[in-house]
Amino acid sequence: MQRVKTADSIGRAGLRVEEPMPSRGLSRDGPMGDREAGPPRWDLSALYENPLDPAIESDLGAALIAAEAFRHSWEGRVQERCVEPAEAARALEALEACRERILRPLGYAMLVLAADTQGAAARTLYGRASGVLEAVKKLLIFFPLQLARMGPGTLADLAAHPACREYGPYLRRIIRQAPAFLPEAAEHLALDRDLTAREAWRLFYDMTLGALRIREPRRGGRPIGLPEALGRLGAADGRRRKAAFHEIYQALDPCIPQMAFALDTLTHHEILDASARGFGSPLDAAALAGGIEAEKISELLDLVESRYSLATRYFRLKAAAFGSARLAMEDLAAPWGRGACGAPFGAARRRLERTAAAVAPAWDEAVRRVFADGRIDAAPEAGKQGGGFCHAPPPQRLPYVFLSYTGSIRDFLTLAHEIGHAVHYTLAARQSGLVFDGSRVVEEAAATLFELFACRQWAAEGAPAELGMQLAAARIEGFVATVMRQSVLTRFELALNRRRRVSPLDADFIRGAWMEENSRLYGDSVEMPGAYRDGWVLVPHLFHRPLTCWVYVYGQLISAVLYRRCLDEGARFAARLNRLFEAGGSAEPAALLRGVGIDLDGLAFVGEAFEVFEGFLEDFERMVQDSGAGVAAP
Ligand SMILES: [Zn+2]
């Protein structure tokens, strides 16, 4: 995260945290017949015995010593010694070893904390590992800065030399990022400031929302946390959804001034940072990290906005099922049919294993091992972090999957999404540490592609009519949430960024910009109540990872095209897919995607992806017509 902003220093070990979406609660009448062991907790003992394992402290100490030794050997000598390709390769190998040393205990600490956010041992361990990470970052940051001083021509020659070829992608990344590097003292200050500014505001956001208690309208009901309340927006009972919607926004109301202040400060922070680094567009930093030009992202957003009408068509269909012209906001996630369907964990696991086996043997092996090795934490326990993620720490890069699985279709798709990341990381594990991390655009494409495969697999296994309909609806709602909705969020952030350049943001401006950007998508077909003006508070990405929501737009559009090609071309295309995912970050996304026939610059793939989506929509419209189905009665 913010890899580019810290002069290619080590990010938070590539932990991928997805935006939590309202998950659908299971109704009692859902087809849940399969009785067997529930969702598992993971087994992290392949990394360390427990959070108090002395090997962790010893590895953290060794990471610090290795970074000090690296600095001692190379500081001030990079330009002179690295012109020799063999020497440059030696330096890069040593740098890679330093990074791998810290990423293992840090990765473990992050996994432990995610599974137990309230545990004292987990928090202490994470605090200790983060502290060592910051120290290691400061020790190593001189290296990319001094490499950059060698100039793009020399670095390009080095990247092409056989001795350094393995590290070519890393060197080319330095060439791209070099214009944004600051002097070392300023980079050190930026690292310090990240802790007291960005990180602190993120934590403030998490603490504020974590402390919210939502009133339970039922008499005698206990107040509930926000994730549970958001889950109720997918309840089959309309009164329950409506009450949850009302109570969530009531609970948010008192913290709006603080949240507006946090968003204003974070937006200001991004502007100051971008200006210090000479970025022209607010999207430049994230675009550079993703290997895509900011201008192309803007073009993509325009193209997506021109197709918002497809989402409108779906919203109208759902509104009609409610007997209304416009869909109520609290019914956006309502299940189609009499009750919400789902699947117990064991059935979901077997279905995902079959999904992978149908694509390629390497996928089959990757998915079976995640489950069989106990590298998945899916039990919906109190104290766990929200959302889902997949993380593959060095040295083996075995992926660990995290989520809270309650059995809904939405959870099944989240599980499929994270397993998709796990397949990608397993295939890319052969890449060396400096080039393991791929562009997030390709990573998200891998994950959403597996969601599409899993959905198809379930439907093909003879799902009953109501389940089939809910699966088809989930696929459409997923596309709208990932493509249209993330475009709205990016446009909203750009509006805040423009305004903050001339004046501080207050709650009124933020609310106005929020409603304006949302009305472009929802205006004609979804009723936006006044309370929704505070909906921005419920989007963690705005606070956690500013201006990166567009990554999901690319990921979903690319995956739709890959999905169609896979169905059209079968095993031949699966081999090309494997090559794409095995490459990890060893080439630019545009070059990698050319290998599967996608021209990232030309944007023709966007039209093709919308054709696929329109096909999903037409299939669903036919299903609705044939069944005469409505949605759950309000
Ligand atoms: Zn993802």
# chains A, B, ... in the order shown; residues from 1 in each chain; ligands from 1
>>> closest_atom_pairs(of="chain A", to="ligand 1", cutoff="9 Å", atoms="only C-alpha atoms and all ligand atoms", output="tab-separated table")
residue	atom	partner	partner_atom_place_in_ligand_line	distance
A:Arg16	CA	ligand 1	1 (Zn)	6.4
A:Val17	CA	ligand 1	1 (Zn)	7.1
A:Glu18	CA	ligand 1	1 (Zn)	5.6
A:Glu19	CA	ligand 1	1 (Zn)	8.7
A:Gly388	CA	ligand 1	1 (Zn)	8.3
A:Phe389	CA	ligand 1	1 (Zn)	6.9
A:Cys390	CA	ligand 1	1 (Zn)	7.9
A:Thr414	CA	ligand 1	1 (Zn)	8.8
A:His417	CA	ligand 1	1 (Zn)	6.3
A:Glu418	CA	ligand 1	1 (Zn)	6.4
A:Gly420	CA	ligand 1	1 (Zn)	8.3
A:His421	CA	ligand 1	1 (Zn)	6.6
A:Arg440	CA	ligand 1	1 (Zn)	8.4
A:Glu443	CA	ligand 1	1 (Zn)	6.9
A:Glu444	CA	ligand 1	1 (Zn)	4.9
A:Ala445	CA	ligand 1	1 (Zn)	8.2
A:Ala446	CA	ligand 1	1 (Zn)	8.3
A:Ala447	CA	ligand 1	1 (Zn)	5.7
A:Thr448	CA	ligand 1	1 (Zn)	7.3
A:Tyr552	CA	ligand 1	1 (Zn)	7.8
A:Gly555	CA	ligand 1	1 (Zn)	8.7
>>> write_last_selection(atoms="N, CA and C atoms", output="compact mmCIF listing (two decimals), in the first residue's frame")
# COMPACT_ATOMS: atom_id res chain seq x y z
N ARG A 16 -4.49 -7.67 1.01
CA ARG A 16 -5.56 -7.12 0.20
C ARG A 16 -6.83 -7.09 1.02
N VAL A 17 -7.27 -5.91 1.35
CA VAL A 17 -8.50 -5.82 2.13
C VAL A 17 -9.61 -5.33 1.22
N GLU A 18 -10.67 -6.08 1.13
CA GLU A 18 -11.76 -5.70 0.24
C GLU A 18 -12.71 -4.77 0.97
N GLU A 19 -13.44 -4.01 0.19
CA GLU A 19 -14.44 -3.15 0.81
C GLU A 19 -15.57 -4.03 1.34
N GLY A 388 -13.04 -9.21 3.79
CA GLY A 388 -12.25 -10.40 3.50
C GLY A 388 -10.93 -10.00 2.87
N PHE A 389 -9.94 -10.88 2.93
CA PHE A 389 -8.68 -10.63 2.23
C PHE A 389 -7.94 -11.94 2.02
N CYS A 390 -6.92 -11.86 1.19
CA CYS A 390 -6.02 -12.99 0.98
C CYS A 390 -4.60 -12.46 1.08
N THR A 414 -17.88 -13.82 -1.85
CA THR A 414 -16.68 -13.25 -1.21
C THR A 414 -15.63 -14.34 -1.05
N HIS A 417 -14.13 -14.98 -4.32
CA HIS A 417 -13.24 -13.86 -4.67
C HIS A 417 -11.86 -14.05 -4.02
N GLU A 418 -11.86 -14.32 -2.73
CA GLU A 418 -10.58 -14.46 -2.02
C GLU A 418 -9.83 -15.72 -2.47
N GLY A 420 -9.97 -16.81 -5.45
CA GLY A 420 -9.40 -16.38 -6.73
C GLY A 420 -8.05 -15.71 -6.53
N HIS A 421 -7.95 -14.84 -5.51
CA HIS A 421 -6.65 -14.24 -5.19
C HIS A 421 -5.65 -15.33 -4.81
N ARG A 440 -2.53 -4.30 -9.12
CA ARG A 440 -3.79 -4.63 -8.44
C ARG A 440 -4.92 -4.83 -9.44
N GLU A 443 -4.69 -8.37 -10.28
CA GLU A 443 -5.06 -9.16 -9.10
C GLU A 443 -6.58 -9.19 -8.93
N GLU A 444 -7.22 -8.02 -9.08
CA GLU A 444 -8.68 -7.99 -8.92
C GLU A 444 -9.38 -8.74 -10.05
N ALA A 445 -8.76 -8.70 -11.25
CA ALA A 445 -9.34 -9.45 -12.38
C ALA A 445 -9.34 -10.94 -12.05
N ALA A 446 -8.24 -11.44 -11.47
CA ALA A 446 -8.16 -12.87 -11.12
C ALA A 446 -9.25 -13.23 -10.12
N ALA A 447 -9.45 -12.37 -9.13
CA ALA A 447 -10.41 -12.67 -8.07
C ALA A 447 -11.85 -12.62 -8.58
N THR A 448 -12.19 -11.60 -9.38
CA THR A 448 -13.58 -11.51 -9.84
C THR A 448 -13.87 -12.56 -10.92
N TYR A 552 -10.94 -1.60 -8.92
CA TYR A 552 -11.98 -2.63 -8.98
C TYR A 552 -12.76 -2.55 -10.28
N GLY A 555 -10.64 -4.28 -12.76
CA GLY A 555 -10.59 -5.71 -12.46
C GLY A 555 -11.84 -6.44 -12.94
>>> residues_around(residues="His269 of chain A", least_positions_apart="5", cutoff="12 Å", atoms="only C-alpha atoms", output="list in words")
Ala190, Arg193, Asp194, Thr196, Ala197, Arg198, Glu199, Trp201, Ala262, Leu263, Asp264, Ala274, Ser275, Ala276, Pro282, Asn497, Arg500, Arg501, Pro504, Phe543 and Pro546 of chain A
>>> atom_distance(atom1="atom CA of Tyr170 of chain A", atom2="atom CA of Val435 of chain A")
6.3 Å
>>> closest_residue(among="A:Asp411, A:Glu588, A:Glu96, A:Glu477", to="Lys318 of chain A", atoms="only C-alpha atoms")
A:Glu477
>>> residues_around(residues="Ala583 of chain A", least_positions_apart="6", cutoff="10 Å", atoms="only C-alpha atoms", output="NGL selection string")
:A and (424-425 or 427-431 or 435-438 or 589 or 592)
>>> residues_around(residues="Leu171 of chain A", least_positions_apart="4", cutoff="7 Å", atoms="only C-alpha atoms", output="PyMOL selection string")
chain A and resi 155+159+167+175
>>> write_last_selection(atoms="C-alpha atoms", output="PDB file, in the first residue's frame")
ATOM      1  CA  LEU A 155      18.797   1.559 -15.480  1.00  0.00           C
ATOM      2  CA  ALA A 159      17.189  -4.155 -16.706  1.00  0.00           C
ATOM      3  CA  TYR A 167      14.944  -7.947 -11.551  1.00  0.00           C
ATOM      4  CA  ILE A 175      12.572   4.379 -13.763  1.00  0.00           C
TER       5      ILE A 175
END
>>> residues_around(residues="Ala513 of chain A", least_positions_apart="4", cutoff="12 Å", atoms="only C-alpha atoms", output="list in words")
Val488, Leu489, Thr490, Arg491, Phe492, Glu493, Leu494, Ala495, Leu496, Asn497, Arg498, Arg499, Leu505, Asp506, Ala507, Asp508, Phe509, Glu517, Asn518, Ser519, Arg520, Arg533, Asp534, Gly535 and Trp536 of chain A
>>> residues_around(residues="Pro393 of chain A", least_positions_apart="4", cutoff="8 Å", atoms="only C-alpha atoms", output="list in words")
Ala13, Leu103, Arg104, Gly107, Tyr108, Arg397, Leu398 and Pro399 of chain A
>>> write_last_selection(atoms="C-alpha atoms", output="mmCIF file, in the first residue's frame")
data_model
loop_
_atom_site.group_PDB
_atom_site.id
_atom_site.type_symbol
_atom_site.label_atom_id
_atom_site.label_comp_id
_atom_site.auth_asym_id
_atom_site.auth_seq_id
_atom_site.Cartn_x
_atom_site.Cartn_y
_atom_site.Cartn_z
ATOM 1 C CA ALA A 13 3.108 -6.864 2.703
ATOM 2 C CA LEU A 103 7.549 -9.541 5.532
ATOM 3 C CA ARG A 104 7.274 -12.966 7.151
ATOM 4 C CA GLY A 107 2.549 -10.944 7.643
ATOM 5 C CA TYR A 108 2.027 -13.254 10.585
ATOM 6 C CA ARG A 397 4.068 -17.376 -0.544
ATOM 7 C CA LEU A 398 1.366 -19.800 0.519
ATOM 8 C CA PRO A 399 -1.888 -17.819 0.506
#
>>> select_by_dssp(residues="segment 261-315 of chain A", states="alpha helix (DSSP H)", output="JSON, numbers by chain")
{"A": [261, 262, 263, 264, 265, 266, 267, 268, 269, 270, 271, 272, 273, 274, 275, 276, 284, 285, 286, 287, 288, 289, 290, 294, 295, 296, 297, 298, 299, 300, 301, 302, 303, 304, 305, 308, 309, 310, 311, 312, 313, 314, 315]}
>>> closest_residue(among="A:Ala160, A:Ala609, A:Met329, A:Leu317", to="Arg565 of chain A", atoms="only C-alpha atoms")
A:Ala609
>>> atom_distance(atom1="atom CA of Pro152 of chain A", atom2="atom CA of Phe279 of chain A")
18.7 Å
>>> closest_residue(among="A:Val441, A:Val539, A:Leu434, A:Ala120", to="Glu93 of chain A", atoms="only C-alpha atoms")
A:Leu434
>>> residues_around(residues="segment 365-375 of chain A", least_positions_apart="2", cutoff="9 Å", atoms="only C-alpha atoms", output="list in words")
Pro40, Arg41, Trp42, Asp43, Leu44, Arg349, Leu352, Glu353, Ala356, Ala357, Ala360, Pro361, Ala362, Trp363, Asp377, Leu398, Pro399, Tyr400, Val401, Phe402, Ile419, Gly420, Ala422, Val423, His424, Thr426 and Leu427 of chain A
>>> write_last_selection(atoms="N, CA and C atoms", output="CSV table (one decimal), in the first residue's frame")
chain,number,residue,atom,x,y,z
A,40,PRO,N,-14.2,-22.9,9.2
A,40,PRO,CA,-13.1,-23.2,10.1
A,40,PRO,C,-12.3,-21.9,10.5
A,41,ARG,N,-11.5,-22.0,11.6
A,41,ARG,CA,-10.5,-21.0,11.9
A,41,ARG,C,-9.2,-21.5,11.2
A,42,TRP,N,-8.3,-20.7,11.0
A,42,TRP,CA,-7.1,-21.1,10.3
A,42,TRP,C,-6.0,-21.6,11.2
A,43,ASP,N,-5.0,-22.3,10.6
A,43,ASP,CA,-3.9,-22.8,11.4
A,43,ASP,C,-2.7,-22.1,10.9
A,44,LEU,N,-2.1,-21.2,11.7
A,44,LEU,CA,-1.0,-20.4,11.3
A,44,LEU,C,0.4,-21.0,11.7
A,349,ARG,N,-17.2,-25.1,-0.1
A,349,ARG,CA,-15.8,-25.6,-0.3
A,349,ARG,C,-15.8,-26.6,-1.5
A,352,LEU,N,-16.3,-24.9,-4.8
A,352,LEU,CA,-15.2,-24.1,-5.3
A,352,LEU,C,-14.1,-25.0,-5.8
A,353,GLU,N,-13.9,-26.2,-5.1
A,353,GLU,CA,-12.9,-27.1,-5.6
A,353,GLU,C,-13.3,-27.6,-7.0
A,356,ALA,N,-12.5,-24.9,-9.6
A,356,ALA,CA,-11.1,-24.8,-10.0
A,356,ALA,C,-10.7,-25.9,-10.8
A,357,ALA,N,-11.2,-27.1,-10.5
A,357,ALA,CA,-10.9,-28.3,-11.3
A,357,ALA,C,-11.3,-28.2,-12.7
A,360,ALA,N,-8.3,-25.7,-14.6
A,360,ALA,CA,-7.0,-26.2,-14.9
A,360,ALA,C,-6.5,-27.0,-13.7
A,361,PRO,N,-5.6,-28.0,-13.9
A,361,PRO,CA,-5.1,-28.8,-12.8
A,361,PRO,C,-4.4,-27.9,-11.8
A,362,ALA,N,-3.7,-26.9,-12.2
A,362,ALA,CA,-2.9,-26.0,-11.3
A,362,ALA,C,-3.9,-25.3,-10.3
A,363,TRP,N,-5.0,-24.9,-10.9
A,363,TRP,CA,-6.1,-24.2,-10.1
A,363,TRP,C,-6.6,-25.1,-9.0
A,377,ASP,N,-9.6,-18.8,7.4
A,377,ASP,CA,-10.3,-18.4,8.6
A,377,ASP,C,-11.6,-17.9,8.2
A,398,LEU,N,2.6,-19.0,0.4
A,398,LEU,CA,1.4,-19.8,0.5
A,398,LEU,C,0.3,-18.8,0.9
A,399,PRO,N,-0.8,-18.8,0.2
A,399,PRO,CA,-1.9,-17.8,0.5
A,399,PRO,C,-2.8,-18.2,1.7
A,400,TYR,N,-3.1,-17.3,2.5
A,400,TYR,CA,-4.0,-17.4,3.6
A,400,TYR,C,-5.3,-16.6,3.3
A,401,VAL,N,-6.5,-17.2,3.5
A,401,VAL,CA,-7.7,-16.5,3.2
A,401,VAL,C,-8.5,-16.2,4.4
A,402,PHE,N,-9.1,-15.0,4.5
A,402,PHE,CA,-9.8,-14.5,5.7
A,402,PHE,C,-11.1,-13.9,5.3
A,419,ILE,N,-10.6,-16.8,-2.8
A,419,ILE,CA,-9.9,-18.0,-3.3
A,419,ILE,C,-9.3,-17.7,-4.7
A,420,GLY,N,-10.0,-16.8,-5.4
A,420,GLY,CA,-9.4,-16.4,-6.7
A,420,GLY,C,-8.0,-15.7,-6.5
A,422,ALA,N,-6.1,-16.3,-4.0
A,422,ALA,CA,-5.2,-17.4,-3.6
A,422,ALA,C,-4.7,-18.2,-4.8
A,423,VAL,N,-5.5,-18.4,-5.8
A,423,VAL,CA,-5.1,-19.1,-7.0
A,423,VAL,C,-4.0,-18.3,-7.7
A,424,HIS,N,-4.2,-17.0,-7.8
A,424,HIS,CA,-3.3,-16.1,-8.5
A,424,HIS,C,-1.9,-16.1,-7.7
A,426,THR,N,-0.7,-18.4,-5.7
A,426,THR,CA,-0.1,-19.7,-5.8
A,426,THR,C,0.6,-19.8,-7.2
A,427,LEU,N,-0.1,-19.4,-8.2
A,427,LEU,CA,0.6,-19.5,-9.6
A,427,LEU,C,1.8,-18.6,-9.7
